[in-house]
Every structure is written in C-alpha cells, then in structure tokens.
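This report concerns only the one structure given below.
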Amino acid sequence: MRPLIRSTITSAAFAAALLFALGACAQVPAYTEPSIAPDTGIAPAPLPQIVSQDGKHALLVDGKPFLILGMQANNSSNYPAMLPDVWAGVEDLGANTLQMPIAWEQVEPVEGEFDFSFLDTLVAEARERNVRLVLLWYGTWKNTSPGYVPSWVKLDNARFPRMVTAEGETHYVLSPNAESTFEADKRAFLEMMQHLKAIDPGHTVIMIQVQNESGSYRLVRDHSETAEAAFNGPVPDALLSRLGKPPGTWRDVFGPDADEYFQAWSVASYIGRMADAGREILDLPMYANAALRDPIDPQEPGSYASGGPTHNVIDIWKAAAPALDLLAPDIYIRESRKYTAALDHYDRADNPLFVAETGNNADTPRFFFSTLGKGGIGFSPFGLDYTGYSNYPLGAKLMSPEAIEPFAANYALVSGAASEWARLAYESGIWGVARPDDDSAQLLNLGDWTANIQYNEWQFGFSEWTWLASDPIDKEGRSNAGALIARIDGDTFLVTGRNVRVSFGIDGKTEGTNFIYDKVEEVRFENGEWKFVRLWNGDQVDYGLNLTDKPVTLRVSLATY
C-alpha cells in the first residue's frame with residue numbers, strides 16, 4: 001500500500017549544498033522510460049500491498065492475506081547456473097517465498113547498458129514453481145559496503161565519492177550525500193522496476209528490499225564538505241514535526257546524538273527517495289533491512305551500522321522515508337532474551353514485523369513461533385540453498401537437508417493454512433512463544449483465558465513427579481520448540497506447536513468458576529476450511545495439550561461450569 005503522506009526529503013540548505021558541491025561532477029543521464037516488453041500472456045493480478053488496522057498488519061497477495069514462509073539465497077546465488085541448487089533448498093524447506101539479490105553490477109556492468117536476463121529467468125522459474133519472490137536490490141549499500149556496485153562506480157571516487165572522516169581521510173562507504181551516486185543508483189533501480197512491470201503482471205514478485213544493511217561501521221557520519229554544510233544547517237521540518245522538536249541545527253536539537261541522527265536522516269532520505277521513484281513505476285511494497293545494534297545492551301555508534309535503520313533511529317527513518325512500508329530486522333542473535341527484544345523493537349503499530357533475514361543455525365528455528373506470535377508477516381532464514389557456501393560460525397557448518405529440517409518442520413505446521421493464519425493475525429490476533437534458553441514456562445494472557453506454555457514434559461503426567469527422577473525426560477531434539485495460538489472467536493482457538501505443552505486456564509476476571517475443555521478437535525485445512533480429523537480426550541487432554549514433533553493443529557473450545 002503506497003503511503004499517502006510525503007515529506008520534504010532535505011532542507012533547503014542541504015539541497016543548496018548538494019547543488020553547489022556536485023555542480024561540477026559528471027551527471028548520470030536523466031532516466032528515460034524504456035519500451036514495454038511484448039504481452040506476456042499472463043493475467044494481471046491485484047498489486048500486493050500492506051494494510052494495517054488497530055496496530056495489526058497484513059501483506060495482501062492476490063487480494064488475500066499472505067504469510068511469508070521465506071528463504072533467502074546466499075549472496076552470490078543470483079546467477080542462472082545456481083538456481084537448481086537454490087530451488088532444491090526452497091523445496092526441502094517448504095518455503096512459499098524466495099528472497100533473491102539483484103545486484104547493480106549485474107544489471108548495468110557498462111554504464112547505460114542493462115541486462116535483466118537473470119531476472120527474466122528467475123521470475124519465470126519461480127512462476128513455474130508457484131513460489132513468490134522478494135527482490136533484494138544490492139546497490140550503494142550491501143552490508144554497508146559498495147561491493148555490488150559496477151566497476152565504473154566503485155573505481156571513480158571523484159564522481160562517486162566515499163564518506164570522509166573528520167580528519168579528511170577517505171572511508172570505505174559511498175557517501176549518502178552525493179547526488180551523483182544517488183542518480184546513478186536510482187536510474188538502474190528504475191530500469192529494473194520498469195522491466196519487472198513489463199514481465200510480471202501476475203506479481204510473482206511481491207515485495208522489494210531497497211539496498212541491504214545500509215549505514216557505516218567505524219565512522220558515525222559523513223564529514224564531506226556537502227555533509228558538513230547540511231549538518232550545520234537546520235534540521236528538516238519533517239523530522240522536527242515527527243519528534244516534536246524546536247528548530248535548530250543538528251547539534252542544537254540532538255546534542256550528543258546529532259552525528260548518528262544526521263547520518264540516519266541522510267541514509268534514510270537516499271533510500272526513501274529511491275523507493276518513492278520506484279513506486280511511481282510499479283507500486284509494490286518496499287522495505288529496508290537493518291544490521292542490528294544490540295537490542296538490550298548499550299553500544300557506541302560506529303561499532304554497529306551507524307545510519308542504518310537500527311531500533312534507536314526508527315522514528316528518523318519513518319520521517320525521512322515514508323515510501324517504505326516497513327523496516328525489517330536481520331537477526332543473527334542466538335540468545336532468546338535478546339532475540340525477543342529485537343522483535344519487540346520492530347513490532348510497532350507503524351511498522352509491520354518482518355524478520356527479513358535470520359540465522360540458519362540450530363538455535364534459530366524456534367523463533368519462528370515468537371515472530372508469528374507478534375503478528376509478523378513473515379520469517380526468512382538466510383542461506384538455505386545448496387550452492388556450497390556456509391557462513392559458519394554465524395550459521396550452520398554445512399547446509400544440508402538435516403540443517404534445513406527444523407525450519408521445514410515449523411513451516412509444515414502452517415503451510416497448508418498460511419493464508420488463514422495471516423488472516424487471523426490481522427483480524428483476531430495471534431499469540432506465540434519460542435522456548436526460552438532456561439526452558440522456563442511462559443504464561444499468555446488471552447483475555448478471559450490464559451495459556452500456560454511448558455517445555456520438557458512427558459505427554460502423560462509431569463516431569464516433577466518424584467518417582468520419575470531416575471528416568472528424566474530426554475531433551476535431545478527438543479531445542480526447536482514453541483507454540484502458536486490464534487483466536488477463532490471468543491472461546492475457540494487454534495493451537496499448534498512443536499515439543500511443547502499448552503494448558504489453558506481461566507483469567508482472574510472469571511475467578512470462582514471451573515474450567516473445562518468443551519471440545520479439542522484435531523483439524524486440517526482443506527479447500528478454504530478446517531476439516532475435522534478426530535477428537536482429543538482422556539489421556540490426550542488430562543495433562544494439557546502435548547504437541548510433539550508430529551505436525552498437528554487443534555481447534556480448542558473452552559468453557560466453564
């Protein structure tokens with residue numbers, strides 16, 4: 001859904017400084033719309049869009065809520081010869097969406113000459129497999145670096161300048177304040193959007209990531225002449241208005257945070273302007289992803305990607321880049337407390353939660369449950385293809401079917417009803433939790449009802465029974481554990497999960513009444529509705545609802561007497 005509000009991207013002083021500093025630089029030719037490709041013979045479909053209400057969000061694809069069960073390919077898998085090994089990973093994972101890089105150097109190796117043959121192949125093969133795509137534009141920033149820009153950009157520092165330190169030394173990151181770089185990057189991006197519009201009327205591509213993990217390490221902000229002029233000028237009105245601040249220079253308004261906030265505004269404005277121009281051609285949802293700062297413990301700017309959409313500058317990004325539908329965290333944290341904190345930062349009424357990139361190690365699959373439990377529109381582990389690369393020790397030592405299996409098992413719980421789970425998240429609400437590192441129980445407040453989530457319990461009885469002390473429960477293979485609960489109506493819920501016990505109870509508002517399961521039905525989703533399989537009763541409910549590694553969905557009706 002295209003944002004209806006536009007803000008001024010730069011202050012008058014900033015614009016004037018840009019024109020003055022860059023007036024002598026060679027400029028990229030103005031964008032001209034290429035001719036439309038011949039009719040594809042594919043029926044047009046409604047544009048994907050993101051909708052929001054009452055703090056909940058949904059991604060609509062073909063006019064219906066869509067849950068991204070994603071997989072991100074390795075960075076250098078974006079060539080036709082690699083696709084068989086990519087699709088094999090998609091199939092083993094059971095993903096419905098593939099995130100694939102499209103690199104500026106790949107599509108414009110020679111200035112003004114464009115090659116979208118890989119995009120053509122990718123879209124055609126995805127369409128054949130009924131897999132949706134999220135394109136990742138690798139341009140000015142890829143993990144903050146200009147590594148994916150064409151040689152004619154990365155080797156011409158006069159025309160496409162890098163950031164400058166306070167001491168006048170050249171930094172590795174391309175300056176977000178160089179209009180010549182922006183115009184060149186934007187032109188290639190618009191060519192891609194125009195080509196995509198021509199070849200994909202059915203919208204196999206459902207979303208665009210604009211740049212990748214922007215910002216800069218080891219330098220908080222650009223100190224180029226252009227940047228200094230803007231930094232010493234007034235803070236833009238759009239930002240002052242959003243934050244409720246009085247006018248002044250960046251240092252006047254933000255004090256010790258001025259450098260980082262200025263960098264965030266510079267980077268966000270750059271990316272937001274690109275997104276806005278791209279949406280004029282093809283109005284797909286667009287987002288930017290974040291290389292995180294620590295979600296709990298303080299860090300000094302520069303030790304993380306300063307200027308990128310880290311959680312402390314989300315409001316600045318929202319003011320500078322309203323053309324972006326969301327800011328997405330890339331989460332490689334293994335500690336449950338910090339992973340949950342990162343989710344909390346990006347789960348906002350004005351920001352749909354999408355885990356656009358996460359680790360592929362054995363600790364990570366469980367966080368699928370907590371992501372969806374916060375109403376997330378999608379979850380996407382990185383690098384689950386078979387192209388021969390492993391990012392160990394950050395991820396798994398070897399990408400194999402065994403490494404993919406825990407992610408696939410979680411996707412299998414909802415894949416047949418992904419649209420229905422997405423609808424319920426938007427209309428009714430979903431609760432979900434992942435196993436915490438200490439295996440402690442978690443209590444969910446569902447309104448008039450509660451759900452107690454426990455781990456490492458027998459299906460029958462309780463692990464605390466003293467006569468079982470000589471035979472403790474085997475925890476092997478139970479690290480991938482969590483639960484999902486969705487409300488169907490006031491007293492009826494859907495429940496699924498893995499290696500977990502879910503025990504419902506009565507909230508304090510109904511204290512004094514007695515709880516009972518009216519019905520616990522095992523169901524499966526077929527032809528748009530839940531079909532009855534069997535009733536659970538007796539041993540299956542006397543000690544809570546115990547979900548193992550067998551994929552099961554329960555429709556649970558609660559009552560009192």
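Each chain in the structure tokens gets a letter, A, B and so on, in the order shown; residues start at 1 in every chain, and ligands are counted from 1 in the order they appear.
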
| request: Compile the contact shell of Phe460 of chain A as a list in words: residues with an atom at most 12 Å away, counting only C-alpha atoms, same-chain residues fewer than 2 positions apart removed. | output: Asn456, Glu457, Trp458, Phe462, Ser463, Glu464, Trp465, Leu468, Ile473, Arg501, Gly538, Asp539, Gln540, Val541, Asp542, Tyr543, Gly544, Leu545, Asn546 and Leu547 of chain A

Written selection (N, CA, C and O atoms) as a PDB file, in the first residue's frame:
ATOM      1  N   ASN A 456       9.699 -29.650  27.983  1.00  0.00           N
ATOM      2  CA  ASN A 456      10.331 -30.814  28.604  1.00  0.00           C
ATOM      3  C   ASN A 456       9.398 -31.513  29.583  1.00  0.00           C
ATOM      4  O   ASN A 456       9.776 -31.835  30.724  1.00  0.00           O
ATOM      5  N   GLU A 457       8.173 -31.743  29.132  1.00  0.00           N
ATOM      6  CA  GLU A 457       7.213 -32.524  29.902  1.00  0.00           C
ATOM      7  C   GLU A 457       6.907 -33.824  29.165  1.00  0.00           C
ATOM      8  O   GLU A 457       6.987 -33.895  27.940  1.00  0.00           O
ATOM      9  N   TRP A 458       6.554 -34.855  29.948  1.00  0.00           N
ATOM     10  CA  TRP A 458       6.042 -36.067  29.348  1.00  0.00           C
ATOM     11  C   TRP A 458       4.671 -35.773  28.739  1.00  0.00           C
ATOM     12  O   TRP A 458       3.967 -34.856  29.164  1.00  0.00           O
ATOM     13  N   PHE A 462       3.670 -35.369  34.750  1.00  0.00           N
ATOM     14  CA  PHE A 462       4.505 -34.202  34.980  1.00  0.00           C
ATOM     15  C   PHE A 462       5.946 -34.628  35.257  1.00  0.00           C
ATOM     16  O   PHE A 462       6.190 -35.594  35.997  1.00  0.00           O
ATOM     17  N   SER A 463       6.873 -33.902  34.722  1.00  0.00           N
ATOM     18  CA  SER A 463       8.285 -34.229  34.912  1.00  0.00           C
ATOM     19  C   SER A 463       8.709 -34.086  36.367  1.00  0.00           C
ATOM     20  O   SER A 463       9.696 -34.673  36.791  1.00  0.00           O
ATOM     21  N   GLU A 464       7.940 -33.341  37.159  1.00  0.00           N
ATOM     22  CA  GLU A 464       8.299 -33.114  38.560  1.00  0.00           C
ATOM     23  C   GLU A 464       7.904 -34.290  39.470  1.00  0.00           C
ATOM     24  O   GLU A 464       8.252 -34.314  40.647  1.00  0.00           O
ATOM     25  N   TRP A 465       7.180 -35.237  38.922  1.00  0.00           N
ATOM     26  CA  TRP A 465       6.828 -36.397  39.733  1.00  0.00           C
ATOM     27  C   TRP A 465       8.103 -37.066  40.254  1.00  0.00           C
ATOM     28  O   TRP A 465       9.002 -37.431  39.480  1.00  0.00           O
ATOM     29  N   LEU A 468       9.701 -40.343  38.988  1.00  0.00           N
ATOM     30  CA  LEU A 468      10.318 -40.372  37.668  1.00  0.00           C
ATOM     31  C   LEU A 468      11.748 -39.831  37.686  1.00  0.00           C
ATOM     32  O   LEU A 468      12.368 -39.695  36.647  1.00  0.00           O
ATOM     33  N   ILE A 473      13.293 -36.822  31.497  1.00  0.00           N
ATOM     34  CA  ILE A 473      12.878 -36.712  30.097  1.00  0.00           C
ATOM     35  C   ILE A 473      14.079 -36.448  29.205  1.00  0.00           C
ATOM     36  O   ILE A 473      15.010 -35.712  29.573  1.00  0.00           O
ATOM     37  N   ARG A 501       3.943 -28.214  25.708  1.00  0.00           N
ATOM     38  CA  ARG A 501       2.651 -28.470  26.342  1.00  0.00           C
ATOM     39  C   ARG A 501       1.917 -27.145  26.484  1.00  0.00           C
ATOM     40  O   ARG A 501       2.482 -26.166  26.983  1.00  0.00           O
ATOM     41  N   GLY A 538      -9.579 -37.615  27.175  1.00  0.00           N
ATOM     42  CA  GLY A 538      -8.912 -38.531  28.094  1.00  0.00           C
ATOM     43  C   GLY A 538      -7.445 -38.215  28.262  1.00  0.00           C
ATOM     44  O   GLY A 538      -7.056 -37.101  28.621  1.00  0.00           O
ATOM     45  N   ASP A 539      -6.601 -39.225  28.029  1.00  0.00           N
ATOM     46  CA  ASP A 539      -5.162 -39.051  28.207  1.00  0.00           C
ATOM     47  C   ASP A 539      -4.619 -37.883  27.391  1.00  0.00           C
ATOM     48  O   ASP A 539      -3.632 -37.250  27.779  1.00  0.00           O
ATOM     49  N   GLN A 540      -5.237 -37.586  26.241  1.00  0.00           N
ATOM     50  CA  GLN A 540      -4.718 -36.551  25.343  1.00  0.00           C
ATOM     51  C   GLN A 540      -4.956 -35.131  25.873  1.00  0.00           C
ATOM     52  O   GLN A 540      -4.374 -34.187  25.353  1.00  0.00           O
ATOM     53  N   VAL A 541      -5.830 -34.966  26.882  1.00  0.00           N
ATOM     54  CA  VAL A 541      -6.098 -33.628  27.407  1.00  0.00           C
ATOM     55  C   VAL A 541      -5.924 -33.521  28.918  1.00  0.00           C
ATOM     56  O   VAL A 541      -5.876 -32.423  29.461  1.00  0.00           O
ATOM     57  N   ASP A 542      -5.841 -34.686  29.618  1.00  0.00           N
ATOM     58  CA  ASP A 542      -5.788 -34.646  31.079  1.00  0.00           C
ATOM     59  C   ASP A 542      -4.559 -33.915  31.594  1.00  0.00           C
ATOM     60  O   ASP A 542      -4.586 -33.346  32.696  1.00  0.00           O
ATOM     61  N   TYR A 543      -3.481 -33.929  30.831  1.00  0.00           N
ATOM     62  CA  TYR A 543      -2.250 -33.260  31.259  1.00  0.00           C
ATOM     63  C   TYR A 543      -1.863 -32.165  30.277  1.00  0.00           C
ATOM     64  O   TYR A 543      -0.699 -31.994  29.921  1.00  0.00           O
ATOM     65  N   GLY A 544      -2.849 -31.407  29.851  1.00  0.00           N
ATOM     66  CA  GLY A 544      -2.609 -30.354  28.876  1.00  0.00           C
ATOM     67  C   GLY A 544      -2.565 -30.914  27.469  1.00  0.00           C
ATOM     68  O   GLY A 544      -2.716 -32.119  27.233  1.00  0.00           O
ATOM     69  N   LEU A 545      -2.364 -30.037  26.514  1.00  0.00           N
ATOM     70  CA  LEU A 545      -2.308 -30.413  25.098  1.00  0.00           C
ATOM     71  C   LEU A 545      -0.834 -30.538  24.733  1.00  0.00           C
ATOM     72  O   LEU A 545      -0.121 -29.529  24.619  1.00  0.00           O
ATOM     73  N   ASN A 546      -0.382 -31.769  24.595  1.00  0.00           N
ATOM     74  CA  ASN A 546       1.041 -32.040  24.395  1.00  0.00           C
ATOM     75  C   ASN A 546       1.327 -32.248  22.915  1.00  0.00           C
ATOM     76  O   ASN A 546       0.850 -33.199  22.300  1.00  0.00           O
ATOM     77  N   LEU A 547       2.108 -31.324  22.364  1.00  0.00           N
ATOM     78  CA  LEU A 547       2.448 -31.334  20.947  1.00  0.00           C
ATOM     79  C   LEU A 547       3.886 -31.802  20.799  1.00  0.00           C
ATOM     80  O   LEU A 547       4.796 -31.279  21.457  1.00  0.00           O
TER      81      LEU A 547
END

| task | Enumerate the residues of segment 294-351 of chain A with a DSSP assignment of alpha helix (DSSP H), computed from the backbone, and present them as JSON, numbers by chain. | result | {"A": [314, 315, 316, 317, 318, 319, 320, 336, 337, 338, 339, 340, 341, 342, 343, 344, 345, 346]}

| Polymer residues at most 7 Å from segment 367-370 of chain A, only C-alpha atoms, same-chain spacing of 4 or more positions, as a list of chain:residue names | A:Lys374, A:Phe379, A:Gly432, A:Val433, A:Ala434, A:Gly482, A:Ala483, A:Leu484

| request: Would you return as an NGL selection string the members of segment 124-309 of chain A that DSSP assigns to strand (DSSP E or B) on this structure's backbone? | output: :A and (132-142 or 145 or 162-164 or 170-174 or 205-212 or 216 or 234 or 249 or 286-291 or 306)

Within 9 Å of segment 318-337 of chain A, which residues of segment 424-482 of chain A come that close, and what is the closest atom pair and distance in Å for each? Count only C-alpha atoms and give it as a Markdown table.
| residue | atom | partner | partner_atom | distance |
| --- | --- | --- | --- | --- |
| A:Ala434 | CA | A:Ser336 | CA | 8.0 |
| A:Arg435 | CA | A:Ser336 | CA | 7.8 |
| A:Pro436 | CA | A:Ser336 | CA | 5.5 |
| A:Asp437 | CA | A:Ser336 | CA | 5.9 |

| said: Could you list, as a PyMOL selection string, every residue within 9 Å of Ser175 of chain A, counting only C-alpha atoms and ignoring same-chain residues fewer than 5 positions away? | reply: chain A and resi 140+160-164+181+222+224+227+267

Go ahead and save the picked residues with all heavy atoms, as a short mmCIF file (atom, residue, chain, number, x, y, z; two decimals), in the first residue's frame.
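The new file result16.cif reads:
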data_model
loop_
_atom_site.label_atom_id
_atom_site.label_comp_id
_atom_site.auth_asym_id
_atom_site.auth_seq_id
_atom_site.Cartn_x
_atom_site.Cartn_y
_atom_site.Cartn_z
N THR A 140 24.08 0.86 -3.66
CA THR A 140 25.05 1.66 -2.92
C THR A 140 25.50 0.96 -1.63
O THR A 140 26.68 1.05 -1.26
CB THR A 140 24.45 3.03 -2.60
OG1 THR A 140 24.17 3.72 -3.84
CG2 THR A 140 25.38 3.88 -1.76
N PHE A 160 31.89 9.51 -7.79
CA PHE A 160 31.03 8.82 -6.83
C PHE A 160 31.79 8.74 -5.50
O PHE A 160 32.36 7.71 -5.15
CB PHE A 160 30.68 7.42 -7.34
CG PHE A 160 30.05 7.42 -8.71
CD1 PHE A 160 30.77 6.96 -9.81
CD2 PHE A 160 28.77 7.90 -8.90
CE1 PHE A 160 30.20 6.97 -11.08
CE2 PHE A 160 28.19 7.91 -10.16
CZ PHE A 160 28.91 7.45 -11.25
N PRO A 161 31.82 9.85 -4.77
CA PRO A 161 32.71 9.95 -3.61
C PRO A 161 32.28 9.08 -2.43
O PRO A 161 31.10 8.83 -2.21
CB PRO A 161 32.63 11.43 -3.24
CG PRO A 161 31.31 11.88 -3.76
CD PRO A 161 31.08 11.10 -5.02
N ARG A 162 33.29 8.66 -1.69
CA ARG A 162 33.04 7.95 -0.45
C ARG A 162 32.92 8.94 0.71
O ARG A 162 33.24 10.12 0.57
CB ARG A 162 34.16 6.95 -0.20
CG ARG A 162 34.06 5.71 -1.10
CD ARG A 162 35.32 4.87 -1.06
NE ARG A 162 35.12 3.55 -1.63
CZ ARG A 162 35.06 3.29 -2.94
NH1 ARG A 162 35.21 4.28 -3.82
NH2 ARG A 162 34.87 2.05 -3.38
N MET A 163 32.46 8.43 1.83
CA MET A 163 32.39 9.25 3.03
C MET A 163 33.80 9.70 3.43
O MET A 163 34.80 9.06 3.10
CB MET A 163 31.73 8.48 4.18
CG MET A 163 30.24 8.27 3.98
SD MET A 163 29.49 7.12 5.17
CE MET A 163 30.04 7.78 6.72
N VAL A 164 33.85 10.78 4.17
CA VAL A 164 35.13 11.37 4.61
C VAL A 164 35.10 11.49 6.13
O VAL A 164 34.08 11.87 6.73
CB VAL A 164 35.32 12.76 3.97
CG1 VAL A 164 36.61 13.41 4.48
CG2 VAL A 164 35.35 12.65 2.45
N THR A 181 25.91 9.82 -7.07
CA THR A 181 25.75 8.40 -6.76
C THR A 181 24.27 8.05 -6.70
O THR A 181 23.83 7.02 -7.25
CB THR A 181 26.43 8.05 -5.43
OG1 THR A 181 27.78 8.51 -5.47
CG2 THR A 181 26.41 6.56 -5.19
N ASP A 222 29.19 11.03 7.79
CA ASP A 222 29.99 11.63 6.73
C ASP A 222 30.41 13.04 7.12
O ASP A 222 29.61 13.82 7.66
CB ASP A 222 29.14 11.65 5.45
CG ASP A 222 29.92 12.12 4.23
OD1 ASP A 222 31.16 12.17 4.29
OD2 ASP A 222 29.26 12.41 3.21
N SER A 224 32.09 15.00 4.71
CA SER A 224 32.41 15.68 3.46
C SER A 224 31.94 17.12 3.51
O SER A 224 31.15 17.51 4.39
CB SER A 224 31.74 14.96 2.28
OG SER A 224 30.33 15.07 2.38
N ALA A 227 28.21 17.25 3.39
CA ALA A 227 27.60 16.81 4.63
C ALA A 227 27.76 17.86 5.73
O ALA A 227 26.83 18.12 6.51
CB ALA A 227 28.21 15.48 5.07
N VAL A 267 20.99 8.69 5.14
CA VAL A 267 20.83 7.38 4.50
C VAL A 267 19.36 7.09 4.21
O VAL A 267 19.00 6.62 3.13
CB VAL A 267 21.44 6.28 5.41
CG1 VAL A 267 21.18 4.90 4.82
CG2 VAL A 267 22.93 6.50 5.59
#

| field | Residue contacts of Ser214 of chain A (10 Å, only C-alpha atoms) excluding same-chain residues fewer than 4 positions away, as number ranges by chain | value | A: 139-146, 173, 176, 210, 264, 267-268, 271, 288-291, 305-310

| request: Choose the residue, out of A:Tyr455, A:Tyr138, A:Trp530, A:Phe382, that has the smallest atom-to-atom separation from Asn499 of chain A; count only C-alpha atoms. | output: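 Of all the options, A:Tyr455 lies closest to Asn499 of chain A.
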